Amino acid sequence: MANSLTIRNVEAGYGSVRVLYGVSMDVNDGETVVLLGSNGNGKSTLIKCITGIVQPSGGEILLSVDGQQVNLIGKSPEEIVDLGIALVPEGRRLFPALSVEENLMLGAYRKAARARIEENLEFVYTAFPRLRERAGQLAGSMSGGEQQMVAVARALMSEPRVLLVDEPSVGLAPILVSRMIAKIKELKDERNLTVLMAEQNFNQAIKIADRGYIIVHGHIEFEGESADALRNNEMIREYYLGA
Amino acid sequence: MSIDPSLLMNAVAAGILLGGFYAAVALGLSITFGQLDVVNIAHPAFIVAGSYLVFALNGGFGLDPVLAGIILMPVFFVVGVLVYRVYYAAFERTGRESLAGLAFFFGLMFIIEVLFILAYGVDYRLVETDYIGKQIEIGLLGIPWRMLVPFCAAVVMTGGVYLFLSKTFLGRAILAVSQDRLALQLMGADPIKIKQIAFGLGIATAALAGALLIMIGPVEPTIGRLYIGRIFAIVVLGGMGSIPGTLIAAIILGLAESLVATYIGPSWAPTVAFGILLLTLAFRPSGLLGRQA
């Protein structure tokens with residue numbers, strides 16, 4: 001079944017500050033789409049609009065999942081999660097005083113995920129063997145890289161159709177960033193996910209991207225139909241590669 | 001001074017039984033204050049309300065007090081849900097819960113007390129069953145039924161709440177809700193609904209705790225005030241919201257009070273709770289089984 005996100009002319013802001021100006025993008029079934037941009041350009045705000053944390057003031061966000069199409073505007077985060085979208089939030093947002101396993105079990109809170117909880121737990125423990133070793137440890141006492149593993153594993157526990165990943169590189173050492181990004185790609189292939197990743201680390205994000213968008217001051221300034229198109233774009237050379 | 005073994009044995013047994021009862025009294029606060037950060041100082045007043053309603057059911061229909069307490073639990077659950085809704089809408093949503101919320105629960109405590117003074121007066125009330133007043137004799141040890149039954153009921157209730165919180169989806173969501181509300185929404189749970197249920201559960205425990213309170217001794221409308229210091233001390237010593245911690249802390253307090261009352265004098269017993277509270281805050285602020293990351 002095809003899963004996709006269609007974002008059309010989304011406007012959003014905080015109070016009188018506008019952040020997104022008519023943003024449109026598509027995330028098609030089975031793709032890994034990256035949303036590139038440096039801090040403060042609206043990446044996270046767009047992710048928050050998709051997950052219902054911020055309500056857009058205009059536009060449409062359509063989710064196609066299991067053959068039906070739903071407009072996400074006006075829905076609460078818990079309703080959106082119930083539809084099959086999972087978010088690995090920026091800063092991870094684990095429950096620090098709960099154990100790793102309790103965090104993972106909470107990931108399976110959504111009704112549709114409860115039936116396959118045993119298999120999913122086994123799946124994430126196989127994907128991240130470190131988490132099996134640390135199952136009883138409090139999440140807040142783990143290193144940044146391990147916490148990011150918990151955050152990704154917790155999102156997968158909800159059996160998402162569409163996985164959103166917000167800034168997975170924040171606070172991680174470069175070697176861990178590249179491992180985490182590779183892991184996301186691997187998990188995406190194993191679980192047939194559709195992935196939208198917001199990231200400022202261009203060189204890392206581009207490694208797993210099928211396509212990408214560049215957002216500048218709340219506008220989509222460039223749409224790259226392939227990783228190469230992104231790599232060879234003038235603006236990217238200017239912004240990221242210093243050329 | 002030589003220590004009389006039978007006196008010591010009885011003091012220890014009485015302390016453990018009393019401690020079990022304290023666990024039932026503190027359990028609700030361990031959820032509402034320990035997990036939800038709601039400073040519900042009206043909790044003992046709800047317990048006294050439970051005592052009077054059990055008194056009415058016992059006097060009116062001859063129901064066993066424990067059974068009456070269990071029957072009242074769903075009613076108290078609903079009351080708890082409603083109280084939390086008011087608290088949320090009036091204070092928590094606007095971020096004014098610290099002082100205004102405290103005043104709210106203080107006021108609630110007075111209202112409950114006055115209602116029962118109006119209905120029943122300020123005289124002490126008690127319940128009657130076949131077993132209250134009897135005791136089991138094991139050698140030199142005497143275990144009164146009016147202490148043993150509350151102890152057993154309290155341990156069962158505490159165990160039930162522990163299993164609920166640690167083994168169910170709803171329970172785990174209750175453990176998570178005060179740590180990161182937004183993250184809980186991203187798990188697909190509505191934090192306000194979760195808090196309502198948790199608060200309802202906390203108040204529901206007060207119904208059975210009230211039944212146990214009136215079995216242990218006679219009750220008057222303001223007797224709950226004697227328990228405010230004790231239950232906060234237990235929750236803090238137990239480690240803010242840890243259910244096994246609450247049980248252990250309650251038994252420590254019961255034992256300490258019983259030993260102090262036996263060897264130093266009954267008038268010193270009430271100081272034990274505050275002594276424990278001060279020592280905990282000074283030397284182990286996260287409590288015995290507190291989970292601090």
# chains A, B, ... in the order shown; residues from 1 in each chain; ligands from 1
>>> residues_around(residues="A:Gly107", least_positions_apart="5", cutoff="7 Å", atoms="only C-alpha atoms", output="PyMOL selection string")
(chain A and resi 154-155+157-158) or (chain B and resi 187)
>>> interface_residues(of="chain A", to="chain B", cutoff="7 Å", atoms="only C-alpha atoms", output="list in words")
Pro77, Glu78, Glu79, Val81, Asp82, Leu87, Arg93, Phe95, Pro96, Ala97, Leu106, Gly107, Tyr109, Arg110, Leu138, Gly140 and Ser141 of chain A
>>> write_last_selection(atoms="C-alpha atoms", output="PDB file, in the first residue's frame")
ATOM      1  CA  PRO A  77      -0.387  15.035  17.680  1.00  0.00           C
ATOM      2  CA  GLU A  78      -1.916  11.929  19.233  1.00  0.00           C
ATOM      3  CA  GLU A  79      -4.427  11.588  16.387  1.00  0.00           C
ATOM      4  CA  VAL A  81       0.512   9.372  15.539  1.00  0.00           C
ATOM      5  CA  ASP A  82      -2.492   7.060  15.497  1.00  0.00           C
ATOM      6  CA  LEU A  87       8.587  11.375  14.825  1.00  0.00           C
ATOM      7  CA  ARG A  93      12.832  13.831  24.088  1.00  0.00           C
ATOM      8  CA  PHE A  95      11.468   9.923  29.259  1.00  0.00           C
ATOM      9  CA  PRO A  96      14.674  10.284  31.268  1.00  0.00           C
ATOM     10  CA  ALA A  97      13.529   8.640  34.497  1.00  0.00           C
ATOM     11  CA  LEU A 106       5.607   3.573  25.362  1.00  0.00           C
ATOM     12  CA  GLY A 107       6.512   3.777  21.689  1.00  0.00           C
ATOM     13  CA  TYR A 109       1.191   2.884  22.836  1.00  0.00           C
ATOM     14  CA  ARG A 110      -0.796   3.360  19.645  1.00  0.00           C
ATOM     15  CA  LEU A 138      17.359   4.793  32.913  1.00  0.00           C
ATOM     16  CA  GLY A 140      18.457   9.797  30.973  1.00  0.00           C
ATOM     17  CA  SER A 141      21.693   8.225  32.173  1.00  0.00           C
TER      18      SER A 141
END
>>> select_by_dssp(residues="stretch 101-253 of chain B", states="alpha helix (DSSP H)", output="PyMOL selection string")
chain B and resi 102-120+145-167+169-177+181-186+191-216+225-238+243-253
>>> residues_around(residues="A:Gln137", least_positions_apart="4", cutoff="8 Å", atoms="only C-alpha atoms", output="count of residues only")
4
>>> atom_distance(atom1="atom CA of B:Phe105", atom2="atom CA of B:Ile41")
5.9 Å
>>> select_by_dssp(residues="stretch 23-147 of chain A", states="strand (DSSP E)", output="ChimeraX atom specification")
/A:23-27,32-36,58-65,68-71,85-88
>>> write_last_selection(atoms="C-alpha atoms", output="short mmCIF file (atom, residue, chain, number, x, y, z; two decimals), in the first residue's frame")
data_model
loop_
_atom_site.label_atom_id
_atom_site.label_comp_id
_atom_site.auth_asym_id
_atom_site.auth_seq_id
_atom_site.Cartn_x
_atom_site.Cartn_y
_atom_site.Cartn_z
CA VAL A 23 5.74 25.63 1.64
CA SER A 24 4.92 22.78 -0.73
CA MET A 25 6.65 19.43 -0.90
CA ASP A 26 6.02 15.79 -1.62
CA VAL A 27 7.25 12.69 0.09
CA THR A 32 13.89 9.16 1.72
CA VAL A 33 13.43 12.87 1.33
CA VAL A 34 15.71 15.31 3.10
CA LEU A 35 14.75 18.81 4.09
CA LEU A 36 17.93 20.83 4.20
CA GLY A 58 -3.02 27.91 5.98
CA GLY A 59 -2.42 25.20 3.44
CA GLU A 60 -2.90 21.46 3.35
CA ILE A 61 -0.98 18.47 4.64
CA LEU A 62 -2.37 15.28 3.16
CA LEU A 63 -1.33 11.87 4.38
CA SER A 64 -2.04 8.83 2.27
CA VAL A 65 -1.80 5.70 4.29
CA GLN A 68 -7.02 6.42 2.46
CA GLN A 69 -6.18 10.09 2.38
CA VAL A 70 -6.44 12.30 5.45
CA ASN A 71 -5.87 16.02 5.91
CA ILE A 85 3.30 8.84 11.47
CA ALA A 86 6.16 8.62 13.95
CA LEU A 87 8.59 11.38 14.82
CA VAL A 88 12.11 11.10 16.11
#
>>> residues_around(residues="stretch 24-34 of chain B", least_positions_apart="6", cutoff="8 Å", atoms="only C-alpha atoms", output="ChimeraX atom specification")
/B:40,43-44,47,154-155,157-158,198-199,201-206,208-210,231-232,234-235,239-243,246,250
>>> write_last_selection(atoms="N, CA and C atoms", output="JSON list (two decimals), in the first residue's frame")
[["chain", "number", "residue", "atom", "x", "y", "z"],
["B", 40, "ASN", "N", -1.54, 17.74, 46.23],
["B", 40, "ASN", "CA", -2.90, 17.49, 46.70],
["B", 40, "ASN", "C", -2.93, 17.34, 48.22],
["B", 43, "HIS", "N", -5.65, 15.28, 50.08],
["B", 43, "HIS", "CA", -5.75, 13.82, 50.02],
["B", 43, "HIS", "C", -6.25, 13.20, 51.33],
["B", 44, "PRO", "N", -5.71, 13.60, 52.50],
["B", 44, "PRO", "CA", -6.24, 13.01, 53.74],
["B", 44, "PRO", "C", -7.72, 13.34, 53.96],
["B", 47, "ILE", "N", -9.61, 10.85, 52.25],
["B", 47, "ILE", "CA", -9.57, 9.61, 53.02],
["B", 47, "ILE", "C", -10.64, 9.63, 54.13],
["B", 154, "ALA", "N", -4.06, -3.13, 52.51],
["B", 154, "ALA", "CA", -3.15, -2.10, 52.01],
["B", 154, "ALA", "C", -2.09, -2.71, 51.10],
["B", 155, "VAL", "N", -1.54, -3.85, 51.51],
["B", 155, "VAL", "CA", -0.49, -4.48, 50.71],
["B", 155, "VAL", "C", -1.04, -4.94, 49.36],
["B", 157, "MET", "N", -3.65, -3.65, 47.78],
["B", 157, "MET", "CA", -3.94, -2.47, 46.95],
["B", 157, "MET", "C", -2.64, -1.89, 46.38],
["B", 158, "THR", "N", -1.61, -1.82, 47.22],
["B", 158, "THR", "CA", -0.33, -1.27, 46.76],
["B", 158, "THR", "C", 0.25, -2.14, 45.64],
["B", 198, "ALA", "N", -5.03, 9.17, 36.10],
["B", 198, "ALA", "CA", -4.10, 8.97, 37.21],
["B", 198, "ALA", "C", -4.62, 9.64, 38.48],
["B", 199, "PHE", "N", -5.15, 10.84, 38.34],
["B", 199, "PHE", "CA", -5.67, 11.53, 39.51],
["B", 199, "PHE", "C", -6.88, 10.78, 40.07],
["B", 201, "LEU", "N", -7.39, 7.63, 39.87],
["B", 201, "LEU", "CA", -6.86, 6.45, 40.55],
["B", 201, "LEU", "C", -6.36, 6.81, 41.95],
["B", 202, "GLY", "N", -5.64, 7.94, 42.03],
["B", 202, "GLY", "CA", -5.12, 8.38, 43.33],
["B", 202, "GLY", "C", -6.23, 8.59, 44.33],
["B", 203, "ILE", "N", -7.31, 9.24, 43.89],
["B", 203, "ILE", "CA", -8.43, 9.51, 44.80],
["B", 203, "ILE", "C", -9.19, 8.21, 45.10],
["B", 204, "ALA", "N", -9.25, 7.31, 44.12],
["B", 204, "ALA", "CA", -9.93, 6.02, 44.36],
["B", 204, "ALA", "C", -9.27, 5.27, 45.52],
["B", 205, "THR", "N", -7.94, 5.37, 45.61],
["B", 205, "THR", "CA", -7.26, 4.66, 46.71],
["B", 205, "THR", "C", -7.68, 5.23, 48.06],
["B", 206, "ALA", "N", -8.11, 6.51, 48.06],
["B", 206, "ALA", "CA", -8.53, 7.14, 49.32],
["B", 206, "ALA", "C", -9.79, 6.48, 49.88],
["B", 208, "LEU", "N", -10.62, 3.22, 49.85],
["B", 208, "LEU", "CA", -10.24, 2.05, 50.65],
["B", 208, "LEU", "C", -9.40, 2.46, 51.86],
["B", 209, "ALA", "N", -8.51, 3.44, 51.66],
["B", 209, "ALA", "CA", -7.70, 3.92, 52.79],
["B", 209, "ALA", "C", -8.61, 4.46, 53.89],
["B", 210, "GLY", "N", -9.70, 5.11, 53.49],
["B", 210, "GLY", "CA", -10.66, 5.63, 54.48],
["B", 210, "GLY", "C", -11.31, 4.50, 55.26],
["B", 231, "ILE", "N", 2.07, 11.55, 55.23],
["B", 231, "ILE", "CA", 2.05, 11.03, 53.86],
["B", 231, "ILE", "C", 3.05, 11.75, 52.97],
["B", 232, "PHE", "N", 3.27, 13.05, 53.21],
["B", 232, "PHE", "CA", 4.30, 13.72, 52.42],
["B", 232, "PHE", "C", 5.68, 13.16, 52.76],
["B", 234, "ILE", "N", 6.32, 10.14, 53.73],
["B", 234, "ILE", "CA", 6.43, 8.81, 53.12],
["B", 234, "ILE", "C", 6.74, 8.92, 51.62],
["B", 235, "VAL", "N", 6.02, 9.82, 50.95],
["B", 235, "VAL", "CA", 6.21, 9.93, 49.50],
["B", 235, "VAL", "C", 7.63, 10.42, 49.18],
["B", 239, "GLY", "N", 10.72, 8.07, 47.50],
["B", 239, "GLY", "CA", 11.34, 8.45, 46.22],
["B", 239, "GLY", "C", 10.29, 8.93, 45.23],
["B", 240, "MET", "N", 9.49, 9.89, 45.60],
["B", 240, "MET", "CA", 8.56, 10.60, 44.71],
["B", 240, "MET", "C", 7.92, 9.72, 43.64],
["B", 241, "GLY", "N", 6.93, 8.97, 44.02],
["B", 241, "GLY", "CA", 6.17, 8.25, 43.01],
["B", 241, "GLY", "C", 6.55, 6.79, 42.86],
["B", 242, "SER", "N", 7.63, 6.37, 43.49],
["B", 242, "SER", "CA", 7.97, 4.95, 43.45],
["B", 242, "SER", "C", 7.00, 4.17, 44.34],
["B", 243, "ILE", "N", 6.28, 3.23, 43.77],
["B", 243, "ILE", "CA", 5.27, 2.51, 44.57],
["B", 243, "ILE", "C", 5.94, 1.56, 45.57],
["B", 246, "THR", "N", 7.18, 3.65, 48.29],
["B", 246, "THR", "CA", 6.13, 4.12, 49.19],
["B", 246, "THR", "C", 5.84, 3.07, 50.25],
["B", 250, "ALA", "N", 6.63, 3.63, 54.13],
["B", 250, "ALA", "CA", 5.51, 3.61, 55.06],
["B", 250, "ALA", "C", 5.81, 2.65, 56.21]]
>>> residues_around(residues="B:Tyr84", least_positions_apart="6", cutoff="10 Å", atoms="only C-alpha atoms", output="list in words")
Thr32, Val38, Val78, Ala90, Glu92, Ile192, Lys193, Lys195, Gln196, Ile197, Ala198, Phe199 and Gly200 of chain B
>>> closest_residue(among="A:Gly84, A:Gly144, A:Gly30, A:Gly37", to="A:Thr51", atoms="only C-alpha atoms")
A:Gly84
>>> residues_around(residues="A:Glu146", least_positions_apart="5", cutoff="9 Å", atoms="only C-alpha atoms", output="list in words")
Arg130, Leu131, Ala139 and Ala151 of chain A
>>> residues_around(residues="A:Glu159", least_positions_apart="3", cutoff="8 Å", atoms="only C-alpha atoms", output="list in words")
Gly84, Ala108, Ala112, Ala113, Asn120, Ala155 and Leu156 of chain A
>>> write_last_selection(atoms="N, CA, C and O atoms", output="short mmCIF file (atom, residue, chain, number, x, y, z; two decimals), in the first residue's frame")
data_model
loop_
_atom_site.label_atom_id
_atom_site.label_comp_id
_atom_site.auth_asym_id
_atom_site.auth_seq_id
_atom_site.Cartn_x
_atom_site.Cartn_y
_atom_site.Cartn_z
N GLY A 84 -0.31 6.67 11.87
CA GLY A 84 0.85 5.94 11.38
C GLY A 84 2.05 6.80 11.05
O GLY A 84 2.91 6.39 10.28
N ALA A 108 5.05 1.86 21.67
CA ALA A 108 4.01 0.98 21.12
C ALA A 108 2.64 1.30 21.70
O ALA A 108 1.74 0.46 21.69
N ALA A 112 -2.68 0.28 17.05
CA ALA A 112 -2.29 -0.58 15.93
C ALA A 112 -0.95 -1.26 16.18
O ALA A 112 -0.63 -2.25 15.53
N ALA A 113 -0.14 -0.72 17.11
CA ALA A 113 1.20 -1.27 17.33
C ALA A 113 1.22 -2.32 18.42
O ALA A 113 2.19 -3.05 18.58
N ASN A 120 8.27 -6.40 17.40
CA ASN A 120 8.89 -5.10 17.19
C ASN A 120 10.02 -4.85 18.18
O ASN A 120 11.04 -4.26 17.85
N ALA A 155 10.45 5.25 18.09
CA ALA A 155 9.58 5.63 16.98
C ALA A 155 9.18 4.40 16.17
O ALA A 155 8.04 4.26 15.74
N LEU A 156 10.12 3.47 15.98
CA LEU A 156 9.81 2.27 15.18
C LEU A 156 8.83 1.35 15.90
O LEU A 156 8.10 0.60 15.26
#
>>> closest_residue(among="B:Gly50, B:Pro221, B:Gly62, B:Gly142", to="B:Leu8", atoms="only C-alpha atoms")
B:Gly142
